[in-house]
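Q: So here's run-v5.txt (compact mmCIF, C-alpha atoms).
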# COMPACT_ATOMS: atom_id res chain seq x y z
CA MET A 1 56.62 20.84 -13.98
CA GLN A 2 59.40 21.09 -16.52
CA LYS A 3 60.99 24.55 -16.60
CA VAL A 4 61.52 26.10 -20.03
CA LEU A 5 63.14 29.48 -20.64
CA ILE A 6 61.58 31.42 -23.54
CA VAL A 7 63.72 34.21 -25.00
CA ALA A 8 61.67 36.71 -27.00
CA TYR A 9 61.91 40.31 -28.13
CA TYR A 10 58.19 41.00 -28.65
CA TRP A 11 56.15 40.96 -25.46
CA PRO A 12 53.35 43.19 -24.14
CA PRO A 13 53.00 46.14 -24.38
CA ALA A 14 54.25 45.40 -27.93
CA GLY A 15 51.39 45.39 -30.41
CA GLY A 16 51.04 43.63 -33.75
CA PRO A 17 51.08 39.93 -34.66
CA GLY A 18 54.62 39.18 -33.43
CA VAL A 19 53.61 39.23 -29.77
CA GLN A 20 50.53 37.00 -29.97
CA ARG A 21 52.24 33.67 -30.67
CA TRP A 22 54.27 33.38 -27.48
CA LEU A 23 51.85 35.27 -25.27
CA LYS A 24 49.35 32.48 -25.99
CA PHE A 25 51.88 29.64 -25.74
CA VAL A 26 52.87 30.95 -22.30
CA LYS A 27 49.19 31.05 -21.33
CA TYR A 28 48.58 27.38 -22.09
CA LEU A 29 51.93 25.63 -21.50
CA PRO A 30 51.24 25.00 -17.78
CA ASP A 31 48.19 22.94 -18.82
CA PHE A 32 50.62 20.48 -20.40
CA GLY A 33 53.17 20.21 -17.60
CA VAL A 34 55.54 22.96 -18.72
CA GLU A 35 56.48 25.99 -16.57
CA PRO A 36 57.44 28.89 -18.87
CA ILE A 37 59.95 31.50 -17.71
CA VAL A 38 59.97 34.48 -20.07
CA PHE A 39 63.09 36.52 -20.85
CA VAL A 40 62.42 39.82 -22.67
CA PRO A 41 63.99 43.28 -23.10
CA GLU A 42 63.43 45.82 -20.33
CA ASN A 43 63.30 49.01 -22.41
CA PRO A 44 62.50 47.99 -26.02
CA ASN A 45 61.69 50.39 -28.83
CA TYR A 46 58.54 48.75 -30.17
CA PRO A 47 57.20 50.29 -33.41
CA ILE A 48 53.64 49.41 -32.34
CA VAL A 49 52.36 49.51 -28.77
CA ASP A 50 49.12 47.97 -27.46
CA ALA A 51 48.94 48.42 -23.69
CA SER A 52 45.70 46.40 -23.56
CA LEU A 53 47.74 43.22 -24.11
CA LEU A 54 49.36 43.67 -20.68
CA LYS A 55 46.10 42.37 -19.23
CA GLU A 56 46.55 39.11 -21.16
CA ILE A 57 49.84 38.16 -19.49
CA PRO A 58 49.01 35.06 -17.43
CA GLU A 59 48.94 35.70 -13.71
CA GLY A 60 51.97 34.35 -11.89
CA VAL A 61 54.18 33.83 -14.95
CA ARG A 62 57.79 34.70 -14.19
CA ILE A 63 59.22 37.39 -16.43
CA ILE A 64 62.90 38.38 -16.43
CA LYS A 65 63.96 41.56 -18.18
CA GLU A 66 67.34 42.60 -19.52
CA PRO A 67 68.09 46.20 -20.63
CA ILE A 68 68.61 46.64 -24.36
CA PHE A 69 70.41 49.26 -26.42
CA GLU A 70 68.57 50.03 -29.66
CA PRO A 71 70.15 52.26 -32.34
CA HIS A 72 66.72 53.35 -33.59
CA GLY A 73 66.77 56.05 -30.92
CA LEU A 74 69.95 57.55 -32.34
CA ALA A 75 68.68 57.34 -35.92
CA ALA A 76 65.47 59.09 -34.86
CA LEU A 77 67.50 62.17 -33.98
CA PHE A 78 68.00 62.65 -37.73
CA SER A 79 64.53 61.59 -38.92
CA LYS A 80 61.98 60.19 -36.50
CA LYS A 81 59.38 59.52 -39.22
CA LYS A 82 61.75 57.62 -41.53
CA THR A 83 63.24 55.63 -38.65
CA LYS A 84 59.81 54.57 -37.39
CA ARG A 85 58.75 53.62 -40.91
CA ILE A 86 61.78 51.38 -41.46
CA SER A 87 61.58 49.82 -37.97
CA SER A 88 57.92 49.00 -38.72
CA GLY A 89 59.02 47.04 -41.78
CA ILE A 90 57.91 49.63 -44.31
CA ILE A 91 60.55 49.88 -47.03
CA GLN A 92 59.56 52.03 -49.96
CA LYS A 93 60.56 51.34 -53.55
CA HIS A 94 64.06 52.53 -54.39
CA HIS A 95 62.97 55.49 -56.52
CA LYS A 96 60.80 56.81 -53.67
CA GLN A 97 63.51 56.59 -51.03
CA SER A 98 65.20 59.80 -49.92
CA PRO A 99 69.02 59.84 -49.69
CA MET A 100 68.63 59.71 -45.88
CA GLU A 101 66.41 56.62 -46.14
CA ARG A 102 68.87 54.86 -48.42
CA LEU A 103 71.67 55.62 -45.98
CA PHE A 104 69.63 54.28 -43.05
CA LEU A 105 68.87 51.07 -44.95
CA TRP A 106 72.51 50.57 -45.93
CA ILE A 107 73.66 51.09 -42.33
CA ARG A 108 70.89 48.83 -41.01
CA GLY A 109 71.78 46.08 -43.46
CA ASN A 110 75.56 46.13 -43.17
CA PHE A 111 76.39 47.36 -39.67
CA PHE A 112 73.64 45.55 -37.75
CA ILE A 113 73.81 41.87 -38.69
CA PRO A 114 71.50 40.10 -38.34
CA ASP A 115 69.44 43.08 -37.11
CA ALA A 116 69.40 46.19 -34.94
CA ARG A 117 68.89 44.16 -31.72
CA LYS A 118 72.33 42.52 -31.96
CA HIS A 119 73.60 44.49 -28.95
CA TRP A 120 71.15 42.62 -26.72
CA VAL A 121 72.91 39.31 -27.33
CA ARG A 122 75.99 39.62 -25.09
CA PRO A 123 74.33 40.96 -21.92
CA SER A 124 71.47 38.49 -22.32
CA VAL A 125 73.85 35.54 -22.59
CA LYS A 126 75.57 36.67 -19.39
CA THR A 127 72.31 36.99 -17.43
CA ILE A 128 70.81 33.75 -18.76
CA SER A 129 74.02 31.83 -18.08
CA LYS A 130 73.66 32.56 -14.35
CA LEU A 131 69.98 31.60 -14.54
CA VAL A 132 70.78 28.27 -16.21
CA ARG A 133 73.36 27.45 -13.53
CA ASP A 134 71.26 28.57 -10.56
CA GLU A 135 67.97 26.99 -11.62
CA LYS A 136 69.29 24.05 -13.61
CA ILE A 137 67.26 24.95 -16.69
CA LYS A 138 67.57 22.26 -19.35
CA THR A 139 65.49 23.65 -22.23
CA ILE A 140 65.67 27.07 -23.89
CA ILE A 141 63.46 28.36 -26.70
CA THR A 142 64.39 31.38 -28.82
CA THR A 143 61.88 33.00 -31.14
CA GLY A 144 62.62 35.34 -34.04
CA PRO A 145 62.54 37.65 -35.79
CA PRO A 146 64.51 39.55 -34.71
CA HIS A 147 66.91 36.73 -35.53
CA SER A 148 69.58 38.14 -33.21
CA VAL A 149 67.53 36.42 -30.48
CA HIS A 150 68.65 33.10 -31.98
CA LEU A 151 72.27 34.14 -31.49
CA ILE A 152 71.56 34.10 -27.75
CA GLY A 153 70.54 30.46 -28.10
CA LEU A 154 73.60 29.73 -30.22
CA ALA A 155 75.95 31.14 -27.56
CA LEU A 156 74.20 29.33 -24.71
CA LYS A 157 74.28 26.03 -26.56
CA SER A 158 78.07 26.31 -26.83
CA ARG A 159 78.36 26.85 -23.07
CA PHE A 160 75.86 24.43 -21.56
CA ALA A 161 74.45 20.96 -22.10
CA ILE A 162 71.01 22.41 -22.79
CA ARG A 163 68.33 21.53 -25.30
CA TRP A 164 67.67 24.43 -27.64
CA ILE A 165 64.55 24.91 -29.77
CA ALA A 166 64.70 27.74 -32.36
CA ASP A 167 61.27 29.07 -33.34
CA PHE A 168 61.05 30.96 -36.65
CA ARG A 169 57.90 33.03 -37.05
CA ASP A 170 59.34 34.17 -40.41
CA PRO A 171 62.20 32.93 -42.60
CA TRP A 172 65.65 34.55 -42.32
CA THR A 173 67.45 35.20 -45.60
CA GLY A 174 64.45 33.95 -47.58
CA ILE A 175 62.06 36.69 -46.51
CA GLY A 176 61.12 39.30 -49.12
CA TYR A 177 62.45 42.47 -47.45
CA HIS A 178 65.91 40.91 -46.99
CA LYS A 179 66.79 41.89 -50.56
CA LYS A 180 65.89 45.53 -49.86
CA LEU A 181 68.53 46.02 -47.16
CA LYS A 182 71.25 47.05 -49.65
CA LEU A 183 73.56 44.30 -48.41
CA THR A 184 77.15 44.09 -49.57
CA THR A 185 78.48 40.69 -50.66
CA PRO A 186 80.32 40.13 -47.34
CA SER A 187 77.14 41.04 -45.43
CA LYS A 188 75.09 38.55 -47.46
CA ARG A 189 77.66 35.86 -46.67
CA LYS A 190 77.55 36.68 -42.95
CA HIS A 191 73.75 36.41 -42.87
CA LYS A 192 73.92 33.03 -44.61
CA LEU A 193 76.64 31.84 -42.23
CA LEU A 194 74.71 32.83 -39.10
CA GLU A 195 71.51 31.32 -40.48
CA ARG A 196 73.29 28.02 -41.15
CA GLN A 197 74.94 28.00 -37.72
CA VAL A 198 71.60 28.46 -35.98
CA LEU A 199 69.78 25.88 -38.11
CA THR A 200 72.48 23.23 -37.72
CA THR A 201 73.20 23.80 -34.02
CA ALA A 202 69.71 23.99 -32.52
CA ASP A 203 68.35 20.64 -31.35
CA LYS A 204 65.06 21.27 -33.08
CA ILE A 205 63.57 23.90 -35.38
CA VAL A 206 59.96 25.10 -35.24
CA VAL A 207 58.48 27.03 -38.19
CA THR A 208 55.05 28.41 -39.03
CA SER A 209 54.67 27.06 -42.58
CA LYS A 210 55.45 24.01 -44.70
CA THR A 211 57.22 26.23 -47.21
CA THR A 212 59.69 27.49 -44.61
CA LYS A 213 60.22 23.90 -43.50
CA ARG A 214 61.17 22.87 -47.05
CA GLU A 215 63.49 25.87 -47.36
CA PHE A 216 65.28 25.05 -44.10
CA GLU A 217 65.53 21.33 -44.93
CA GLU A 218 67.94 22.32 -47.68
CA ILE A 219 70.23 23.81 -45.02
CA THR A 220 69.94 21.50 -42.00
CA PRO A 221 69.34 17.82 -41.25
CA LYS A 222 67.77 18.72 -37.90
CA LYS A 223 64.13 17.85 -37.21
CA ILE A 224 61.74 20.65 -38.16
CA ASP A 225 58.20 20.90 -36.76
CA VAL A 226 55.48 23.05 -38.31
CA ILE A 227 53.38 24.80 -35.67
CA THR A 228 51.30 27.52 -37.25
CA ASN A 229 49.90 30.59 -35.56
CA GLY A 230 46.31 30.37 -34.38
CA TYR A 231 43.29 31.94 -32.74
CA ASP A 232 42.27 32.14 -29.10
CA GLY A 233 38.85 32.18 -27.49
CA LYS A 234 35.36 31.70 -28.80
CA LYS A 235 33.82 33.44 -31.78
CA ILE A 236 32.93 37.05 -31.03
CA ILE A 237 29.19 37.57 -31.33
CA ALA A 238 28.45 40.98 -32.87
CA PRO A 239 25.81 42.37 -35.26
CA LEU A 240 26.96 42.43 -38.87
CA ASP A 241 27.58 45.76 -40.59
CA GLY A 242 24.63 47.04 -42.58
CA LYS A 243 26.98 47.89 -45.45
CA PHE A 244 28.80 45.47 -47.76
CA THR A 245 32.00 45.78 -45.71
CA LEU A 246 35.35 44.47 -46.92
CA SER A 247 37.88 44.67 -44.07
CA HIS A 248 41.64 44.24 -44.10
CA ILE A 249 43.40 43.82 -40.77
CA GLY A 250 47.10 44.63 -40.38
CA SER A 251 49.68 46.49 -42.43
CA LEU A 252 48.76 46.96 -46.08
CA LEU A 253 52.05 48.11 -47.51
CA THR A 254 52.53 49.32 -51.08
CA ALA A 255 54.23 46.09 -52.18
CA ARG A 256 51.03 44.25 -51.22
CA ASN A 257 48.77 46.67 -53.08
CA PRO A 258 45.90 44.58 -54.60
CA ILE A 259 45.41 46.63 -57.76
CA VAL A 260 43.22 43.97 -59.42
CA LEU A 261 40.83 44.14 -56.46
CA TRP A 262 40.51 47.92 -56.76
CA GLN A 263 39.90 47.52 -60.50
CA VAL A 264 37.11 45.01 -59.90
CA LEU A 265 35.49 47.13 -57.20
CA GLN A 266 35.59 50.19 -59.45
CA GLU A 267 33.95 48.26 -62.30
CA LEU A 268 31.24 46.88 -60.02
CA CYS A 269 30.51 50.38 -58.70
CA ARG A 270 30.11 51.66 -62.27
CA GLU A 271 27.93 48.76 -63.36
CA ASN A 272 25.75 48.38 -60.27
CA ALA A 273 24.29 51.42 -58.51
CA ASP A 274 23.31 49.38 -55.42
CA PHE A 275 26.84 48.01 -55.12
CA LYS A 276 28.28 51.55 -55.14
CA VAL A 277 25.92 52.67 -52.38
CA GLN A 278 26.52 49.63 -50.19
CA LEU A 279 30.30 49.17 -50.61
CA ARG A 280 32.51 50.01 -47.66
CA ILE A 281 36.26 49.28 -47.45
CA GLN A 282 37.85 49.20 -43.98
CA LEU A 283 41.64 49.30 -43.61
CA ILE A 284 42.76 48.62 -40.04
CA GLY A 285 46.50 49.17 -39.65
CA VAL A 286 49.31 50.94 -41.50
CA VAL A 287 48.45 51.75 -45.12
CA GLY A 288 51.19 52.38 -47.69
CA ASP A 289 51.21 55.51 -49.84
CA GLY A 290 50.93 53.41 -53.01
CA VAL A 291 47.73 51.81 -51.72
CA LYS A 292 46.23 55.22 -50.97
CA GLU A 293 47.14 56.42 -54.46
CA SER A 294 45.49 53.37 -56.05
CA LEU A 295 42.29 53.86 -54.07
CA ALA A 296 42.14 57.46 -55.29
CA GLN A 297 42.86 56.45 -58.90
CA HIS A 298 40.04 53.92 -58.81
CA GLN A 299 37.62 56.41 -57.24
CA LEU A 300 37.23 54.39 -54.04
CA ASN A 301 38.18 57.06 -51.51
CA ASP A 302 34.60 57.93 -50.60
CA CYS A 303 33.83 54.37 -49.51
CA THR A 304 37.14 53.74 -47.71
CA THR A 305 37.79 54.21 -43.99
CA GLU A 306 41.31 54.07 -42.53
CA PHE A 307 41.42 53.18 -38.83
CA GLY A 308 45.18 53.08 -38.27
CA TYR A 309 46.32 50.75 -35.49
CA VAL A 310 43.59 49.74 -33.02
CA GLN A 311 43.69 47.57 -29.91
CA HIS A 312 43.50 43.84 -30.45
CA SER A 313 40.13 43.51 -28.68
CA LYS A 314 38.67 46.08 -31.09
CA VAL A 315 40.18 44.20 -34.05
CA LEU A 316 38.30 41.06 -33.05
CA GLU A 317 35.05 43.01 -32.94
CA LEU A 318 35.62 44.63 -36.35
CA GLN A 319 36.37 41.23 -37.88
CA ALA A 320 33.21 39.70 -36.48
CA LYS A 321 31.06 42.56 -37.85
CA SER A 322 32.57 42.57 -41.36
CA GLN A 323 30.79 41.04 -44.32
CA ILE A 324 34.07 39.97 -45.99
CA LEU A 325 37.62 39.69 -44.64
CA LEU A 326 40.52 40.48 -46.99
CA LEU A 327 43.70 38.39 -46.93
CA LEU A 328 46.26 39.98 -49.27
CA GLU A 329 49.83 39.06 -50.16
CA ILE A 330 52.56 40.02 -52.63
CA ASP A 331 52.41 37.91 -55.79
CA SER A 332 55.89 36.36 -55.73
CA GLU A 333 57.66 33.06 -55.22
CA GLU A 334 59.09 34.29 -51.91
CA THR A 335 55.67 34.85 -50.33
CA LYS A 336 54.09 31.44 -50.99
CA GLY A 337 54.98 30.26 -47.50
CA ILE A 338 53.79 33.35 -45.64
CA ILE A 339 50.75 32.60 -43.50
CA PRO A 340 49.65 35.84 -41.81
CA GLY A 341 48.66 35.42 -38.18
CA LYS A 342 45.40 37.24 -38.86
CA LEU A 343 44.22 34.34 -41.06
CA PHE A 344 43.49 32.20 -38.00
CA GLU A 345 41.53 34.95 -36.28
CA TYR A 346 39.67 35.39 -39.58
CA LEU A 347 38.78 31.69 -39.42
CA ASN A 348 37.41 32.12 -35.90
CA ALA A 349 35.38 35.16 -36.96
CA ARG A 350 33.61 32.83 -39.43
CA ARG A 351 33.08 35.47 -42.08
CA PRO A 352 33.86 34.81 -45.79
CA ILE A 353 37.56 35.28 -46.55
CA LEU A 354 38.74 36.68 -49.87
CA ALA A 355 42.36 35.59 -50.29
CA LEU A 356 44.38 37.27 -53.04
CA GLY A 357 48.00 36.21 -53.46
CA PRO A 358 50.47 34.01 -55.36
CA GLU A 359 49.73 30.68 -56.98
CA ASN A 360 49.99 27.79 -54.48
CA TRP A 361 49.97 30.24 -51.56
CA GLU A 362 49.89 28.24 -48.35
CA ALA A 363 47.50 30.65 -46.65
CA GLY A 364 45.12 30.42 -49.60
CA MET A 365 45.22 26.64 -49.35
CA ILE A 366 44.11 26.83 -45.71
CA VAL A 367 41.17 29.04 -46.72
CA LEU A 368 40.06 26.38 -49.20
CA GLU A 369 40.73 23.42 -46.89
CA THR A 370 38.57 24.93 -44.16
CA ASN A 371 35.84 26.04 -46.61
CA SER A 372 36.23 29.57 -45.25
CA GLY A 373 36.19 31.53 -48.49
CA LYS A 374 37.79 31.82 -51.92
CA ARG A 375 41.35 32.38 -53.12
CA PHE A 376 42.56 34.13 -56.26
CA THR A 377 45.75 35.23 -57.98
CA PRO A 378 46.05 38.67 -59.62
CA LYS A 379 45.39 36.93 -62.96
CA ASP A 380 41.93 35.77 -61.87
CA LYS A 381 40.18 39.09 -62.41
CA LEU A 382 36.98 37.72 -63.94
CA ASP A 383 36.59 34.99 -61.32
CA LEU A 384 37.22 37.52 -58.58
CA LYS A 385 34.57 39.82 -59.99
CA ASN A 386 32.02 37.02 -60.30
CA VAL A 387 32.53 35.87 -56.71
CA LEU A 388 32.23 39.40 -55.34
CA LEU A 389 29.00 39.88 -57.26
CA GLU A 390 27.74 36.51 -55.99
CA TRP A 391 28.61 37.46 -52.40
CA PHE A 392 26.96 40.87 -52.82
CA THR A 393 23.75 39.21 -53.99
CA ALA A 394 23.83 36.91 -50.95
CA PHE A 395 24.48 39.97 -48.74
CA GLN A 396 21.41 41.73 -50.14
CA LYS A 397 19.32 38.68 -49.22
CA GLY A 398 20.86 38.49 -45.75
CA LYS A 399 22.41 35.12 -46.58
CA LEU A 400 26.16 35.86 -46.83
CA THR A 401 27.78 33.28 -44.54
CA SER A 402 30.99 31.30 -44.18
CA GLY A 403 31.08 27.52 -44.05
CA SER A 404 34.22 27.35 -41.89
CA GLU A 405 34.89 23.79 -40.76
CA ALA A 406 37.60 21.83 -38.95
CA ILE A 407 39.31 24.95 -37.65
CA GLU A 408 39.69 23.71 -34.06
CA LYS A 409 43.20 22.39 -34.78
CA TYR A 410 44.26 26.03 -35.15
CA SER A 411 43.14 27.01 -31.65
CA ARG A 412 45.99 28.31 -29.48
CA ARG A 413 45.41 25.59 -26.90
CA GLU A 414 45.69 22.75 -29.42
CA LEU A 415 48.78 24.34 -30.95
CA THR A 416 50.32 24.61 -27.47
CA ARG A 417 49.65 20.91 -26.96
CA LYS A 418 51.72 20.29 -30.09
CA LEU A 419 54.50 22.57 -28.79
CA ALA A 420 54.49 20.79 -25.41
CA ASN A 421 54.97 17.47 -27.21
CA THR A 422 57.94 18.99 -29.02
CA ILE A 423 59.43 20.16 -25.73
CA LYS A 424 58.88 16.81 -24.06
CA TRP A 425 60.39 15.01 -27.04
CA GLU A 426 63.48 17.13 -26.48
CA SER A 427 63.66 16.02 -22.86
CA SER A 428 63.06 12.34 -23.54
Output the file's structure in the form of structure tokens.
A:
Amino acid sequence: MQKVLIVAYYWPPAGGPGVQRWLKFVKYLPDFGVEPIVFVPENPNYPIVDASLLKEIPEGVRIIKEPIFEPHGLAALFSKKKTKRISSGIIQKHHKQSPMERLFLWIRGNFFIPDARKHWVRPSVKTISKLVRDEKIKTIITTGPPHSVHLIGLALKSRFAIRWIADFRDPWTGIGYHKKLKLTTPSKRKHKLLERQVLTTADKIVVTSKTTKREFEEITPKKIDVITNGYDGKKIIAPLDGKFTLSHIGSLLTARNPIVLWQVLQELCRENADFKVQLRIQLIGVVGDGVKESLAQHQLNDCTTEFGYVQHSKVLELQAKSQILLLLEIDSEETKGIIPGKLFEYLNARRPILALGPENWEAGMIVLETNSGKRFTPKDKLDLKNVLLEWFTAFQKGKLTSGSEAIEKYSRRELTRKLANTIKWESS
């Protein structure tokens, strides 16, 4: 079998979507003639922990760990709550940020380029260099964010005649929160320089969306493959909720607040007594303060349940039991290429998906292509209201179903087959 070293930051017991992609690739790569060796931090400061995922690590897979220094621990001495919020990706609007928060963001953006895991690069390069020499490893894969992981690949590529594949689960400078880091002009230039170096030096680039591919093609002539995230396992069989349940899985931060949806739900509650009695909103994951305020303003608190973070196995069950699954994104040009990992598990749950995001949103296109639900922009208030009323009527008759079709190409095993072909192309 061909040995491949995978360098990743997120690995069980890390929770959240970042860990799923490579946990599943590692599970299936041996089926396609590839032996994965996993290199991860020994003592990471994960913002979300899900110990249940430790059980999903394939038996016998070789895992090498390197200690990491993370400055989040030092910052937490001043404000543990604010540090955890920022490390979780929650950046409040400027006027709501405390002076301490603004200082943390400025330091994070300008002293830790590309990110706060930069101190893991040098010791990792040293350890991996010995591994490459001793075991004659020919192919290395780095996956980010954090994009400092790609700097490990960049350094190793300059030292050895290896093949390097850089996997981008999210864009680098093109991602929305990048602008919120209070970067100075020199810091912006450094980010751009590092991004270009990685994209032009790696032998191949792998991205999760066509939009990111187009963005990167403006920077590098290197071959770019699109391998999306996916779902694993068979559909969970569970009894549907007796209420008209709308569930959102994952972080629902204030910037993603679907105000038009709350407006429509409030109107339907006022106009339809049965709708008000049957409506239930489930929010599973971190919920931003702005979202909570909007729910209160639209008198939806009584029908809303916040679960916080729950184990992945429980998430799958909640999805399967929901009447409708909510897929929500910021309405902006920068988010058109974002395809949340939860979309593919939504597809496998085979419940109607209500996608609300920007025009030409790639995730919304997938919902339509697979006949898994409906997509709207914030301007489509009337259409959104009509569809919800139509779905509620079907729910009352016990006939609310999803017509999901041709979703098998998004299974983790089929996606790993595609990755294995990419790896073998590199070695040909």
Q: Excluding region 122-124 of chain A and residues on its chain fewer than 2 positions from it, collect all residues at most 10 Å away from it, counting all atoms listed in the file, and give them as a PDB file with C-alpha atoms, in the coordinates of the input.
A:
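Saved the output as part-v2.pdb:
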ATOM      1  CA  VAL A   7      63.720  34.210 -25.000  1.00  0.00           C
ATOM      2  CA  PHE A  39      63.090  36.520 -20.850  1.00  0.00           C
ATOM      3  CA  VAL A  40      62.420  39.820 -22.670  1.00  0.00           C
ATOM      4  CA  PRO A  41      63.990  43.280 -23.100  1.00  0.00           C
ATOM      5  CA  LYS A  65      63.960  41.560 -18.180  1.00  0.00           C
ATOM      6  CA  GLU A  66      67.340  42.600 -19.520  1.00  0.00           C
ATOM      7  CA  PRO A  67      68.090  46.200 -20.630  1.00  0.00           C
ATOM      8  CA  ILE A  68      68.610  46.640 -24.360  1.00  0.00           C
ATOM      9  CA  LYS A 118      72.330  42.520 -31.960  1.00  0.00           C
ATOM     10  CA  HIS A 119      73.600  44.490 -28.950  1.00  0.00           C
ATOM     11  CA  TRP A 120      71.150  42.620 -26.720  1.00  0.00           C
ATOM     12  CA  LYS A 126      75.570  36.670 -19.390  1.00  0.00           C
ATOM     13  CA  THR A 127      72.310  36.990 -17.430  1.00  0.00           C
ATOM     14  CA  ILE A 128      70.810  33.750 -18.760  1.00  0.00           C
ATOM     15  CA  SER A 129      74.020  31.830 -18.080  1.00  0.00           C
ATOM     16  CA  VAL A 149      67.530  36.420 -30.480  1.00  0.00           C
ATOM     17  CA  LEU A 151      72.270  34.140 -31.490  1.00  0.00           C
ATOM     18  CA  ILE A 152      71.560  34.100 -27.750  1.00  0.00           C
ATOM     19  CA  GLY A 153      70.540  30.460 -28.100  1.00  0.00           C
ATOM     20  CA  ALA A 155      75.950  31.140 -27.560  1.00  0.00           C
ATOM     21  CA  LEU A 156      74.200  29.330 -24.710  1.00  0.00           C
TER      22      LEU A 156
END
Q: Please list as a ChimeraX atom specification every residue within 7 Å of region 357-369 of chain A, counting only C-alpha atoms and excluding residues in the same chain fewer than 2 positions away.
A: /A:328-332,336-339,355,371-378
Q: So how far away is CA of Asn272 (chain A) from CA of Leu252 (chain A), in Å?
A: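 About the pair CA of Leu252 (chain A) and CA of Asn272 (chain A): they are 27.1 Å apart.
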Q: Go through A:Asn110, A:Lys24, A:Ala166, A:Ala320 and flag the residue nearest Thr185 (chain A), using all atoms listed in the file for the distances.
A: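 Among the listed residues, the smallest separation from Thr185 (chain A) belongs to A:Asn110.
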Q: Counting all atoms listed in the file, figure out which residue out of A:Val121, A:Leu318, A:Leu261, A:Ala161 gets nearest to Thr245 (chain A).
A: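 Checking each candidate against Thr245 (chain A), we get A:Leu318 as the closest.
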Q: For Met1 (chain A), which residue among A:Cys269, A:Val34, A:Val125, A:Val19 is the nearest when counting all atoms listed in the file?
A: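 Nearest candidate to Met1 (chain A) out of A:Cys269, A:Val34, A:Val125, A:Val19: A:Val34.
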